[in-house]
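So this block is final_33.csv, CSV, C-alpha atoms:
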chain,number,residue,atom,x,y,z
A,1,MET,CA,12.7,-19.5,-47.1
A,2,LYS,CA,16.0,-18.4,-48.6
A,3,LEU,CA,17.3,-15.5,-46.6
A,4,LYS,CA,19.2,-12.7,-48.0
A,5,TRP,CA,22.4,-13.3,-46.1
A,6,GLU,CA,22.7,-17.0,-47.1
A,7,GLU,CA,25.2,-18.2,-49.7
A,8,SER,CA,24.3,-17.4,-53.2
A,9,GLY,CA,26.8,-17.4,-56.1
A,10,LEU,CA,25.6,-14.1,-57.6
A,11,LYS,CA,24.6,-12.3,-54.4
A,12,ALA,CA,26.6,-9.1,-54.0
A,13,PRO,CA,28.8,-9.3,-50.8
A,14,LEU,CA,27.4,-6.0,-49.5
A,15,ALA,CA,23.8,-7.3,-49.9
A,16,ARG,CA,24.8,-10.4,-47.9
A,17,ALA,CA,26.5,-8.3,-45.2
A,18,LYS,CA,23.6,-5.9,-44.8
A,19,GLY,CA,21.1,-8.8,-44.8
A,20,LEU,CA,17.7,-7.8,-43.6
A,21,GLY,CA,19.0,-4.7,-41.9
A,22,SER,CA,19.1,-3.9,-38.2
A,23,ALA,CA,16.3,-5.3,-36.0
A,24,LYS,CA,16.5,-2.0,-33.9
A,25,GLU,CA,16.4,-4.0,-30.7
A,26,GLY,CA,18.7,-5.9,-28.5
A,27,SER,CA,19.9,-3.3,-25.9
A,28,GLU,CA,16.8,-3.9,-23.8
A,29,HIS,CA,17.5,-7.7,-23.8
A,30,TRP,CA,21.2,-7.0,-22.9
A,31,PHE,CA,20.3,-4.5,-20.2
A,32,MET,CA,17.6,-6.8,-18.5
A,33,GLN,CA,20.1,-9.7,-18.5
A,34,ARG,CA,22.4,-7.5,-16.3
A,35,VAL,CA,19.5,-6.2,-14.2
A,36,THR,CA,18.2,-9.8,-13.5
A,37,ALA,CA,21.8,-10.9,-12.8
A,38,ILE,CA,22.1,-8.4,-10.0
A,39,SER,CA,18.7,-9.3,-8.6
A,40,ASN,CA,19.6,-13.0,-8.9
A,41,LEU,CA,22.7,-12.4,-6.9
A,42,ILE,CA,20.8,-10.7,-4.0
A,43,LEU,CA,17.8,-13.1,-4.0
A,44,MET,CA,19.9,-16.2,-4.3
A,45,ALA,CA,22.0,-15.1,-1.4
A,46,TRP,CA,18.8,-14.7,0.6
A,47,LEU,CA,17.5,-18.1,-0.6
A,48,ILE,CA,20.7,-20.0,0.3
A,49,TRP,CA,20.7,-18.3,3.8
A,50,SER,CA,17.0,-19.2,4.2
A,51,VAL,CA,17.4,-22.8,3.2
A,52,ILE,CA,20.3,-23.2,5.7
A,53,HIS,CA,18.5,-21.5,8.6
A,54,HIS,CA,14.8,-22.3,8.0
A,55,VAL,CA,14.3,-25.2,5.6
A,56,VAL,CA,17.0,-27.8,6.4
A,57,GLY,CA,15.6,-30.1,9.1
A,58,ALA,CA,12.3,-28.2,9.3
A,59,SER,CA,8.9,-30.1,9.3
A,60,HIS,CA,6.4,-29.5,6.6
A,61,ALA,CA,4.3,-27.4,8.9
A,62,ASP,CA,7.3,-25.3,9.9
A,63,PHE,CA,8.3,-24.8,6.3
A,64,THR,CA,4.8,-23.7,5.1
A,65,ALA,CA,4.6,-21.4,8.1
A,66,TRP,CA,7.9,-19.8,7.1
A,67,LEU,CA,6.9,-19.5,3.5
A,68,ALA,CA,3.5,-18.0,4.4
A,69,ALA,CA,5.2,-15.0,6.2
A,70,PRO,CA,4.7,-12.0,3.9
A,71,VAL,CA,8.3,-11.1,3.6
A,72,ASN,CA,9.3,-14.6,2.7
A,73,ALA,CA,6.5,-15.1,0.2
A,74,ILE,CA,7.2,-11.8,-1.5
A,75,LEU,CA,11.0,-12.5,-1.7
A,76,MET,CA,10.3,-16.0,-3.0
A,77,ILE,CA,8.0,-14.7,-5.7
A,78,LEU,CA,10.6,-12.1,-6.7
A,79,ALA,CA,13.2,-14.9,-6.8
A,80,VAL,CA,11.1,-17.0,-9.1
A,81,ILE,CA,10.4,-14.0,-11.5
A,82,SER,CA,14.1,-13.0,-11.5
A,83,VAL,CA,15.5,-16.5,-12.1
A,84,PHE,CA,13.0,-17.5,-14.8
A,85,TYR,CA,13.3,-14.2,-16.6
A,86,HIS,CA,17.1,-14.4,-16.5
A,87,ALA,CA,16.9,-18.1,-17.7
A,88,ALA,CA,14.6,-17.2,-20.6
A,89,LEU,CA,16.9,-14.4,-21.7
A,90,GLY,CA,20.0,-16.6,-21.3
A,91,THR,CA,18.7,-19.6,-23.1
A,92,GLN,CA,17.5,-17.4,-25.9
A,93,VAL,CA,21.0,-16.2,-26.4
A,94,ILE,CA,22.4,-19.7,-26.4
A,95,THR,CA,19.8,-20.8,-28.9
A,96,GLU,CA,20.6,-17.9,-31.2
A,97,ASP,CA,24.3,-18.7,-30.9
A,98,TYR,CA,24.2,-22.4,-31.7
A,99,VAL,CA,21.0,-23.3,-33.5
A,100,HIS,CA,21.4,-22.4,-37.2
A,101,HIS,CA,18.3,-24.0,-38.7
A,102,GLU,CA,15.8,-21.1,-39.0
A,103,GLY,CA,12.8,-23.3,-38.4
A,104,LEU,CA,14.2,-25.2,-35.5
A,105,LYS,CA,15.5,-22.0,-34.0
A,106,MET,CA,12.0,-20.4,-34.1
A,107,ILE,CA,10.5,-23.5,-32.5
A,108,LYS,CA,13.1,-23.4,-29.7
A,109,LEU,CA,12.7,-19.6,-29.1
A,110,ILE,CA,8.9,-19.9,-28.8
A,111,GLY,CA,9.3,-23.0,-26.6
A,112,ILE,CA,11.6,-21.2,-24.3
A,113,LYS,CA,9.2,-18.3,-23.8
A,114,LEU,CA,6.2,-20.6,-23.2
A,115,PHE,CA,8.1,-23.0,-20.9
A,116,PHE,CA,9.7,-20.3,-18.6
A,117,PHE,CA,6.6,-18.2,-18.4
A,118,GLY,CA,4.5,-21.3,-17.6
A,119,ALA,CA,6.9,-22.6,-15.0
A,120,ALA,CA,7.1,-19.1,-13.4
A,121,VAL,CA,3.3,-18.9,-13.1
A,122,ALA,CA,3.1,-22.4,-11.7
A,123,CYS,CA,5.7,-21.5,-9.0
A,124,ILE,CA,4.1,-18.2,-8.1
A,125,PHE,CA,0.7,-19.9,-7.8
A,126,SER,CA,2.2,-22.5,-5.5
A,127,ILE,CA,3.8,-19.9,-3.3
A,128,MET,CA,0.5,-18.0,-3.1
A,129,LYS,CA,-1.4,-21.1,-2.3
A,130,VAL,CA,0.8,-21.7,0.7
A,131,ALA,CA,0.9,-18.1,1.7
A,132,PHE,CA,-2.9,-17.7,1.6
A,133,GLY,CA,-3.3,-20.9,3.6
A,134,GLY,CA,-4.6,-23.1,0.7
B,135,MET,CA,23.4,-27.4,-36.0
B,136,ALA,CA,26.9,-28.0,-34.7
B,137,GLU,CA,29.2,-30.1,-36.8
B,138,PHE,CA,31.7,-32.2,-35.1
B,139,LYS,CA,33.7,-33.3,-38.1
B,140,LEU,CA,34.9,-31.4,-41.1
B,141,PRO,CA,33.3,-32.3,-44.4
B,142,ARG,CA,35.1,-35.3,-46.1
B,143,HIS,CA,36.9,-33.1,-48.6
B,144,SER,CA,38.1,-30.6,-46.0
B,145,ARG,CA,39.9,-33.1,-43.7
B,146,ILE,CA,43.6,-32.3,-43.4
B,147,GLU,CA,45.9,-35.1,-44.5
B,148,LYS,CA,49.6,-35.6,-43.8
B,149,GLY,CA,51.6,-34.0,-46.6
B,150,ARG,CA,55.2,-34.1,-47.9
B,151,GLU,CA,58.3,-33.8,-45.7
B,152,ILE,CA,61.0,-31.8,-47.3
B,153,ASP,CA,64.4,-31.4,-45.6
B,154,ALA,CA,66.0,-28.4,-47.3
B,155,ALA,CA,68.6,-27.6,-44.7
B,156,ASP,CA,72.3,-28.5,-45.2
B,157,LYS,CA,73.6,-31.4,-43.1
B,158,GLY,CA,76.0,-29.1,-41.3
B,159,ALA,CA,73.3,-26.5,-40.5
B,160,LYS,CA,73.4,-25.4,-36.9
B,161,ARG,CA,69.9,-23.8,-36.5
B,162,LYS,CA,67.3,-26.1,-38.2
B,163,LYS,CA,63.6,-25.5,-37.8
B,164,LYS,CA,60.6,-27.3,-39.3
B,165,PHE,CA,57.6,-25.3,-40.8
B,166,SER,CA,54.4,-27.2,-41.1
B,167,ILE,CA,52.2,-25.4,-43.7
B,168,TYR,CA,48.6,-25.8,-44.7
B,169,ARG,CA,48.3,-26.6,-48.4
B,170,TRP,CA,45.2,-26.7,-50.5
B,171,ASP,CA,45.0,-26.2,-54.2
B,172,PRO,CA,41.5,-25.4,-55.7
B,173,ASP,CA,42.7,-26.8,-59.1
B,174,THR,CA,43.0,-30.3,-57.8
B,175,ALA,CA,40.5,-32.7,-56.2
B,176,ASP,CA,43.0,-33.4,-53.3
B,177,ASN,CA,42.2,-32.8,-49.7
B,178,PRO,CA,44.1,-30.2,-47.8
B,179,ARG,CA,47.4,-31.4,-46.4
B,180,MET,CA,50.2,-30.2,-44.0
B,181,ASP,CA,53.5,-30.0,-45.9
B,182,THR,CA,56.6,-29.8,-43.7
B,183,TYR,CA,59.7,-27.9,-44.8
B,184,GLU,CA,62.9,-28.1,-42.7
B,185,ILE,CA,65.1,-25.0,-43.2
B,186,ASP,CA,68.4,-23.5,-42.0
B,187,LEU,CA,67.4,-20.4,-40.0
B,188,ASP,CA,70.9,-18.9,-40.7
B,189,LYS,CA,69.8,-18.5,-44.3
B,190,CYS,CA,66.6,-16.5,-43.7
B,191,GLY,CA,65.5,-13.5,-41.7
B,192,PRO,CA,64.1,-13.6,-38.1
B,193,MET,CA,60.4,-13.5,-38.7
B,194,VAL,CA,57.9,-16.2,-39.8
B,195,LEU,CA,57.2,-14.3,-43.0
B,196,ASP,CA,61.0,-14.4,-43.8
B,197,ALA,CA,60.8,-18.2,-43.5
B,198,LEU,CA,57.7,-18.3,-45.7
B,199,ILE,CA,59.4,-16.2,-48.4
B,200,TYR,CA,62.6,-18.3,-48.1
B,201,ILE,CA,60.5,-21.5,-48.6
B,202,LYS,CA,58.7,-19.9,-51.6
B,203,ASN,CA,61.9,-18.6,-53.2
B,204,GLU,CA,64.2,-21.5,-52.6
B,205,ILE,CA,62.2,-24.7,-52.0
B,206,ASP,CA,58.6,-24.6,-53.3
B,207,SER,CA,57.3,-21.8,-55.4
B,208,THR,CA,53.8,-23.1,-55.2
B,209,VAL,CA,53.4,-22.1,-51.5
B,210,THR,CA,50.7,-19.3,-51.6
B,211,PHE,CA,50.2,-16.5,-49.1
B,212,ARG,CA,49.4,-12.8,-49.0
B,213,ARG,CA,52.2,-10.4,-48.0
B,214,SER,CA,53.1,-6.8,-48.8
B,215,CYS,CA,54.7,-4.4,-46.4
B,216,ARG,CA,56.6,-6.8,-44.1
B,217,GLU,CA,56.4,-4.4,-41.2
B,218,GLY,CA,53.0,-4.9,-39.7
B,219,ILE,CA,51.1,-2.0,-41.3
B,220,CYS,CA,49.3,-3.5,-44.3
B,221,GLY,CA,47.7,-6.5,-42.6
B,222,SER,CA,48.1,-8.8,-45.5
B,223,CYS,CA,50.0,-11.7,-43.9
B,224,ALA,CA,47.5,-12.4,-41.2
B,225,MET,CA,47.5,-16.2,-40.5
B,226,ASN,CA,47.4,-18.7,-37.7
B,227,ILE,CA,50.9,-19.4,-36.4
B,228,ASP,CA,51.4,-21.9,-33.6
B,229,GLY,CA,47.7,-21.7,-32.7
B,230,THR,CA,47.3,-17.9,-32.6
B,231,ASN,CA,46.2,-15.5,-35.2
B,232,THR,CA,48.9,-13.0,-35.9
B,233,LEU,CA,50.9,-11.2,-38.6
B,234,ALA,CA,53.7,-13.4,-40.0
B,235,CYS,CA,55.9,-10.4,-40.6
B,236,THR,CA,56.0,-9.3,-36.9
B,237,LYS,CA,56.0,-12.8,-35.4
B,238,PRO,CA,59.6,-13.8,-34.5
B,239,ILE,CA,60.4,-17.5,-35.3
B,240,GLU,CA,62.2,-17.6,-31.9
B,241,ASP,CA,58.9,-17.1,-30.2
B,242,VAL,CA,57.7,-20.5,-31.2
B,243,LYS,CA,59.4,-22.9,-28.8
B,244,LYS,CA,58.0,-26.1,-30.4
B,245,THR,CA,60.2,-28.1,-32.9
B,246,GLN,CA,57.6,-27.3,-35.6
B,247,VAL,CA,56.1,-24.0,-36.5
B,248,ARG,CA,52.5,-24.8,-37.5
B,249,ILE,CA,51.0,-22.4,-40.0
B,250,THR,CA,47.3,-22.5,-41.1
B,251,PRO,CA,45.0,-19.9,-42.7
B,252,LEU,CA,42.9,-17.6,-40.5
B,253,PRO,CA,40.3,-20.0,-38.8
B,254,HIS,CA,36.8,-20.7,-40.0
B,255,MET,CA,37.2,-18.9,-43.3
B,256,ASN,CA,36.7,-20.2,-46.8
B,257,VAL,CA,40.2,-20.8,-48.3
B,258,VAL,CA,41.1,-19.5,-51.7
B,259,LYS,CA,44.4,-21.3,-51.8
B,260,ASP,CA,46.9,-22.5,-49.1
B,261,LEU,CA,47.2,-19.6,-46.6
B,262,VAL,CA,44.9,-17.2,-48.5
B,263,PRO,CA,41.4,-16.8,-46.9
B,264,ASP,CA,38.4,-15.4,-48.7
B,265,GLN,CA,37.9,-11.9,-47.1
B,266,ASN,CA,34.9,-10.8,-49.3
B,267,HIS,CA,32.4,-11.0,-46.5
B,268,LEU,CA,34.6,-9.3,-43.9
B,269,ILE,CA,35.3,-6.4,-46.2
B,270,ALA,CA,31.6,-6.2,-47.1
B,271,GLN,CA,30.7,-6.0,-43.4
B,272,TYR,CA,33.3,-3.3,-43.0
B,273,ASN,CA,31.8,-1.4,-45.9
B,274,SER,CA,28.3,-1.8,-44.5
B,275,ILE,CA,29.2,0.5,-41.5
B,276,GLU,CA,30.0,3.3,-43.9
B,277,PRO,CA,33.5,3.9,-42.6
B,278,TRP,CA,33.8,7.5,-43.6
B,279,LEU,CA,33.1,10.9,-42.0
B,280,LYS,CA,29.4,11.8,-42.3
B,281,THR,CA,28.1,15.3,-41.6
B,282,ASP,CA,25.0,17.4,-42.2
B,283,SER,CA,26.4,20.8,-41.4
B,284,PRO,CA,27.9,22.6,-44.5
B,285,ALA,CA,31.5,21.9,-45.3
B,286,PRO,CA,33.9,24.3,-43.6
B,287,THR,CA,36.3,26.5,-45.7
B,288,ARG,CA,39.2,24.8,-44.0
B,289,GLU,CA,39.9,21.5,-42.1
B,290,ARG,CA,37.4,20.2,-39.6
B,291,LEU,CA,39.1,20.9,-36.2
B,292,GLN,CA,39.5,18.4,-33.4
B,293,SER,CA,41.3,18.9,-30.1
B,294,ALA,CA,44.2,16.7,-29.1
B,295,GLU,CA,42.1,15.2,-26.3
B,296,ASP,CA,39.3,14.3,-28.8
B,297,ALA,CA,41.9,12.8,-31.2
B,298,ASP,CA,43.0,10.6,-28.3
B,299,HIS,CA,39.7,8.8,-28.4
B,300,LEU,CA,40.6,7.6,-31.9
B,301,ASN,CA,44.3,7.1,-31.7
B,302,GLY,CA,44.5,6.2,-28.0
B,303,GLU,CA,46.9,8.0,-25.6
B,304,ASP,CA,49.3,5.1,-26.0
B,305,GLY,CA,48.7,4.9,-29.8
B,306,HIS,CA,46.6,1.8,-29.3
B,307,GLY,CA,43.2,3.3,-30.0
B,308,PRO,CA,40.7,2.0,-32.6
B,309,ALA,CA,42.3,4.1,-35.4
B,310,GLY,CA,45.4,1.9,-35.1
B,311,CYS,CA,43.5,-1.0,-36.7
B,312,ILE,CA,45.0,-2.3,-40.0
B,313,LEU,CA,42.1,-4.6,-40.9
B,314,CYS,CA,44.1,-7.8,-40.8
B,315,PHE,CA,41.0,-9.5,-39.3
B,316,CYS,CA,43.1,-11.6,-36.8
B,317,CYS,CA,40.5,-10.6,-34.2
B,318,SER,CA,37.3,-11.4,-36.1
B,319,THR,CA,38.5,-14.8,-37.1
B,320,SER,CA,39.6,-15.6,-33.6
B,321,CYS,CA,36.1,-14.9,-32.2
B,322,PRO,CA,34.0,-18.0,-31.5
B,323,SER,CA,30.8,-15.9,-31.9
B,324,TYR,CA,32.1,-14.8,-35.3
B,325,TRP,CA,32.8,-18.4,-36.2
B,326,TRP,CA,29.2,-19.5,-35.4
B,327,ASN,CA,27.3,-16.4,-36.7
B,328,SER,CA,29.6,-14.5,-39.1
B,329,ASP,CA,26.6,-14.2,-41.5
B,330,ARG,CA,25.0,-11.6,-39.2
B,331,PHE,CA,27.5,-10.8,-36.4
B,332,MET,CA,29.8,-7.9,-37.5
B,333,GLY,CA,32.8,-9.2,-35.6
B,334,PRO,CA,35.3,-7.3,-33.5
B,335,ALA,CA,37.3,-5.7,-36.3
B,336,THR,CA,34.2,-4.1,-38.0
B,337,LEU,CA,32.7,-3.1,-34.6
B,338,MET,CA,35.9,-1.4,-33.5
B,339,GLN,CA,35.9,0.5,-36.7
B,340,ALA,CA,32.2,1.4,-36.2
B,341,TYR,CA,33.3,2.8,-32.8
B,342,ARG,CA,36.1,4.7,-34.4
B,343,TRP,CA,33.5,6.7,-36.3
B,344,ILE,CA,31.0,6.8,-33.4
B,345,SER,CA,33.6,8.3,-31.1
B,346,ASP,CA,34.9,10.8,-33.7
B,347,THR,CA,33.9,14.3,-32.6
B,348,ARG,CA,33.7,15.5,-36.2
B,349,ASP,CA,31.2,12.8,-37.2
B,350,GLU,CA,27.5,13.9,-37.1
B,351,ALA,CA,25.9,10.5,-37.7
B,352,THR,CA,26.4,8.9,-34.3
B,353,GLY,CA,22.7,8.1,-33.8
B,354,GLU,CA,22.3,6.5,-37.2
B,355,ARG,CA,25.5,4.5,-36.6
B,356,LEU,CA,24.1,3.2,-33.3
B,357,ASP,CA,20.7,2.5,-35.0
B,358,GLN,CA,22.4,0.3,-37.6
B,359,LEU,CA,24.2,-1.7,-34.9
B,360,GLU,CA,21.2,-2.1,-32.5
B,361,ASP,CA,20.6,-5.7,-33.4
B,362,PRO,CA,20.7,-9.0,-31.5
B,363,PHE,CA,23.2,-10.3,-34.0
B,364,ARG,CA,25.1,-7.4,-35.5
B,365,LEU,CA,26.4,-6.2,-32.0
B,366,TYR,CA,25.0,-8.4,-29.3
B,367,ARG,CA,26.5,-11.7,-30.5
B,368,CYS,CA,29.6,-10.3,-28.7
B,369,HIS,CA,29.7,-12.2,-25.3
B,370,THR,CA,33.0,-10.5,-24.2
B,371,ILE,CA,35.1,-13.6,-24.8
B,372,MET,CA,38.1,-11.3,-25.4
B,373,ASN,CA,39.9,-13.5,-27.9
B,374,CYS,CA,40.0,-10.4,-30.1
B,375,THR,CA,42.0,-8.3,-27.6
B,376,ASN,CA,44.2,-11.3,-26.8
B,377,THR,CA,45.2,-12.0,-30.4
B,378,CYS,CA,45.5,-8.5,-31.9
B,379,PRO,CA,49.0,-8.2,-33.3
B,380,LYS,CA,48.9,-4.4,-33.0
B,381,GLY,CA,48.0,-4.6,-29.3
B,382,LEU,CA,44.6,-2.9,-29.7
B,383,ASN,CA,41.5,-3.6,-27.7
B,384,PRO,CA,38.4,-4.3,-29.8
B,385,ALA,CA,36.6,-5.7,-26.8
B,386,LYS,CA,36.8,-2.3,-25.1
B,387,SER,CA,35.4,-0.6,-28.2
B,388,ILE,CA,32.5,-3.0,-28.3
B,389,GLY,CA,31.9,-2.4,-24.6
B,390,GLU,CA,31.8,1.3,-25.2
B,391,ILE,CA,29.2,0.8,-28.0
B,392,LYS,CA,27.0,-1.2,-25.6
B,393,LYS,CA,27.3,1.5,-23.0
B,394,LEU,CA,26.2,4.2,-25.5
B,395,MET,CA,23.2,2.0,-26.4
B,396,VAL,CA,22.0,2.1,-22.8
B,397,THR,CA,23.0,5.7,-22.3
B,398,ARG,CA,20.8,6.9,-25.2
B,399,LYS,CA,17.7,5.2,-23.8
Now that the file is in, can you turn its structure into structure tokens?
Amino acid sequence: MKLKWEESGLKAPLARAKGLGSAKEGSEHWFMQRVTAISNLILMAWLIWSVIHHVVGASHADFTAWLAAPVNAILMILAVISVFYHAALGTQVITEDYVHHEGLKMIKLIGIKLFFFGAAVACIFSIMKVAFGG
Amino acid sequence: MAEFKLPRHSRIEKGREIDAADKGAKRKKKFSIYRWDPDTADNPRMDTYEIDLDKCGPMVLDALIYIKNEIDSTVTFRRSCREGICGSCAMNIDGTNTLACTKPIEDVKKTQVRITPLPHMNVVKDLVPDQNHLIAQYNSIEPWLKTDSPAPTRERLQSAEDADHLNGEDGHGPAGCILCFCCSTSCPSYWWNSDRFMGPATLMQAYRWISDTRDEATGERLDQLEDPFRLYRCHTIMNCTNTCPKGLNPAKSIGEIKKLMVTRK
């Protein structure tokens, strides 16, 4: 598909500059990237502190018992959501920046959404399995 | 996808070396200038001209004019006002986009002053880039006062404080832009996505009208910019502010637009 902003000898420069018009979105993406950056900062600080104090050197039983505690399980699920949401938003931006083949870009953008959503669900399921004594 | 090498016909070759300075000249300097002629099949080349600085003015533009007048009349570049207000002589000098007329030769400490056209633009000839798309993008933001209320019988009034939003308290506000496009062509995001990203120069001008208290189309202007590419390709790299030869701050204007986008939610 030849898009309106692509090079064409006779295309009026203003038609190229206007392209397909404004998508009327983008601020939500930009805002959520900042929101998840803040939540990442808090949750990662908690995660690093937890790994040092509760995970390093702990036995499997100790670790699952720690993770099964409601506060830890909830914070871990929040960390998974925050990190994967942020990663999906960020990799989308990188793809839009650098992939210029429209078809390839679409495949990547769909792939990113499916992968990060799937990975987040898998992680959350795992945490719940431990938390509910699976 | 990313290209790591220029196309075969765009690769820069070594050009001629012309020593045009007298043997007894005390202040000699070499100017290495990008040359490409659309009327020949030759690749672009860097021609080097060595001149006596005592015979020309202090700015890089003075040297270019001296070379064109006295040595090689085929050297092609845009220039007009020679005092940094028309924006014609924007080019890349010693690795930075700037105006040749306000850039002192003395500032370049290297033995050679390397001059190339504004980066990542189609070249018309030598140092002249094709600005059609940049100008069209500027036109697309409708850079004029838009109102719905009936025209007053006298001037539309604005307080001095409100005018400061446009001119800046220090004179470095968005209205100080001369559209030389040094900023847009220094922006990596603009290099990769100039087809859809507006670029810092155009976005700063959009903000110039958004922040104008006399303009009544703020919402429409924001609507037109609310787009992942038009506005949000800006990743606050700040090359624009770094390179602006007028000392303006396009990055701040873009930041203000992003803040307004969230404020109106």
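Straight-line separation from CA of Ile110 in chain A to CA of Met76 in chain A: 26.1 Å.
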Considering all atoms listed in the file, tabulate each residue of chain B that lies at most 6 Å from chain A along with its nearest interatomic pair and the corresponding distance in Å to one decimal; arrange the rows by chain and ascending residue number and present them as a Markdown table.
| residue | atom | partner | partner_atom | distance |
| --- | --- | --- | --- | --- |
| B:Met135 | CA | A:Val99 | CA | 5.4 |
| B:His267 | CA | A:Pro13 | CA | 5.9 |
| B:Ala270 | CA | A:Leu14 | CA | 4.8 |
| B:Gln271 | CA | A:Ala17 | CA | 5.1 |
| B:Gln358 | CA | A:Ser22 | CA | 5.4 |
| B:Glu360 | CA | A:Lys24 | CA | 4.9 |
| B:Asp361 | CA | A:Ala23 | CA | 5.0 |
| B:Pro362 | CA | A:Gly26 | CA | 4.8 |
May I have the protein, DNA and RNA residues with any atom at most 7 Å from the point (10.5, -16.8, -18.4), counting only C-alpha atoms, written as a PDB file with C-alpha atoms, in the coordinates of the input?
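Resulting contents of part_37.pdb:
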ATOM      1  CA  PHE A  84      13.000 -17.500 -14.800  1.00  0.00           C
ATOM      2  CA  TYR A  85      13.300 -14.200 -16.600  1.00  0.00           C
ATOM      3  CA  ALA A  87      16.900 -18.100 -17.700  1.00  0.00           C
ATOM      4  CA  ALA A  88      14.600 -17.200 -20.600  1.00  0.00           C
ATOM      5  CA  LYS A 113       9.200 -18.300 -23.800  1.00  0.00           C
ATOM      6  CA  PHE A 116       9.700 -20.300 -18.600  1.00  0.00           C
ATOM      7  CA  PHE A 117       6.600 -18.200 -18.400  1.00  0.00           C
ATOM      8  CA  ALA A 120       7.100 -19.100 -13.400  1.00  0.00           C
TER       9      ALA A 120
END
Selection near Ile42 in chain A, 12 Å with only C-alpha atoms, sequence-local residues under 2 positions removed, as a short mmCIF file (atom, residue, chain, number, x, y, z; two decimals) with C-alpha atoms, in the coordinates of the input:
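Contents of part13.cif, as written:
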data_model
loop_
_atom_site.label_atom_id
_atom_site.label_comp_id
_atom_site.auth_asym_id
_atom_site.auth_seq_id
_atom_site.Cartn_x
_atom_site.Cartn_y
_atom_site.Cartn_z
CA VAL A 35 19.50 -6.20 -14.20
CA THR A 36 18.20 -9.80 -13.50
CA ALA A 37 21.80 -10.90 -12.80
CA ILE A 38 22.10 -8.40 -10.00
CA SER A 39 18.70 -9.30 -8.60
CA ASN A 40 19.60 -13.00 -8.90
CA MET A 44 19.90 -16.20 -4.30
CA ALA A 45 22.00 -15.10 -1.40
CA TRP A 46 18.80 -14.70 0.60
CA LEU A 47 17.50 -18.10 -0.60
CA ILE A 48 20.70 -20.00 0.30
CA TRP A 49 20.70 -18.30 3.80
CA LEU A 75 11.00 -12.50 -1.70
CA MET A 76 10.30 -16.00 -3.00
CA LEU A 78 10.60 -12.10 -6.70
CA ALA A 79 13.20 -14.90 -6.80
CA SER A 82 14.10 -13.00 -11.50
CA VAL A 83 15.50 -16.50 -12.10
#
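For the pair CA of Arg161 in chain B and CA of Gln246 in chain B, the separation is 12.8 Å.
Picture a line from CA of Lys163 in chain B to CA of Ile239 in chain B; it runs 9.0 Å.
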Between A:Met128, A:Met32, A:Val51, A:Val71, single out the one closest to Leu89 in chain A, counting only C-alpha atoms.
A:Met32
Quick one: residues within 12 Å of Glu295 in chain B, all atoms listed in the file, excluding same-chain residues fewer than 5 positions away - as a ChimeraX atom specification?
/B:300-303,345-347
Pick from A:His86, A:Phe125, A:Val55, A:Gly133: nearest to Ile112 in chain A, with only C-alpha atoms counted?
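With only C-alpha atoms as the atom set, the closest residue is A:His86.
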Can you work out which one of B:Gly310, B:His143, B:Gly218, B:Lys164 has the shortest atom-to-atom distance to Lys243 in chain B, counting only C-alpha atoms?
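Checking each of B:Gly310, B:His143, B:Gly218, B:Lys164 against Lys243 in chain B, counting only C-alpha atoms, the winner is B:Lys164.
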Which neighbours of Pro70 in chain A fall inside 12 Å, counting only C-alpha atoms, when residues of the same chain fewer than 2 positions from it are skipped, and could you give them as a ChimeraX atom specification?
/A:64-68,72-77,127-128,130-133
Among the residues B:Ser274, B:Asn203, B:Ser320, B:Ser166, the one that comes closest to Met180 in chain B [using all atoms listed in the file]
B:Ser166
Contacts of range 242-322 of chain B with range 371-387 of chain B up to 9 Å, shortest pair per row, all atoms listed in the file, as CSV:
residue,atom,partner,partner_atom,distance
B:Gly305,CA,B:Leu382,CA,8.8
B:His306,CA,B:Leu382,CA,5.1
B:Gly307,CA,B:Leu382,CA,6.4
B:Pro308,CA,B:Leu382,CA,6.9
B:Gly310,CA,B:Leu382,CA,7.3
B:Cys311,CA,B:Leu382,CA,7.3
B:Ile312,CA,B:Lys380,CA,8.3
B:Cys314,CA,B:Pro379,CA,9.0
B:Phe315,CA,B:Cys378,CA,8.7
B:Cys316,CA,B:Cys378,CA,6.3
B:Cys317,CA,B:Cys374,CA,4.1
B:Ser318,CA,B:Cys374,CA,6.7
B:Thr319,CA,B:Cys374,CA,8.4
B:Ser320,CA,B:Asn373,CA,6.1
B:Cys321,CA,B:Asn373,CA,5.9
B:Pro322,CA,B:Ile371,CA,8.1
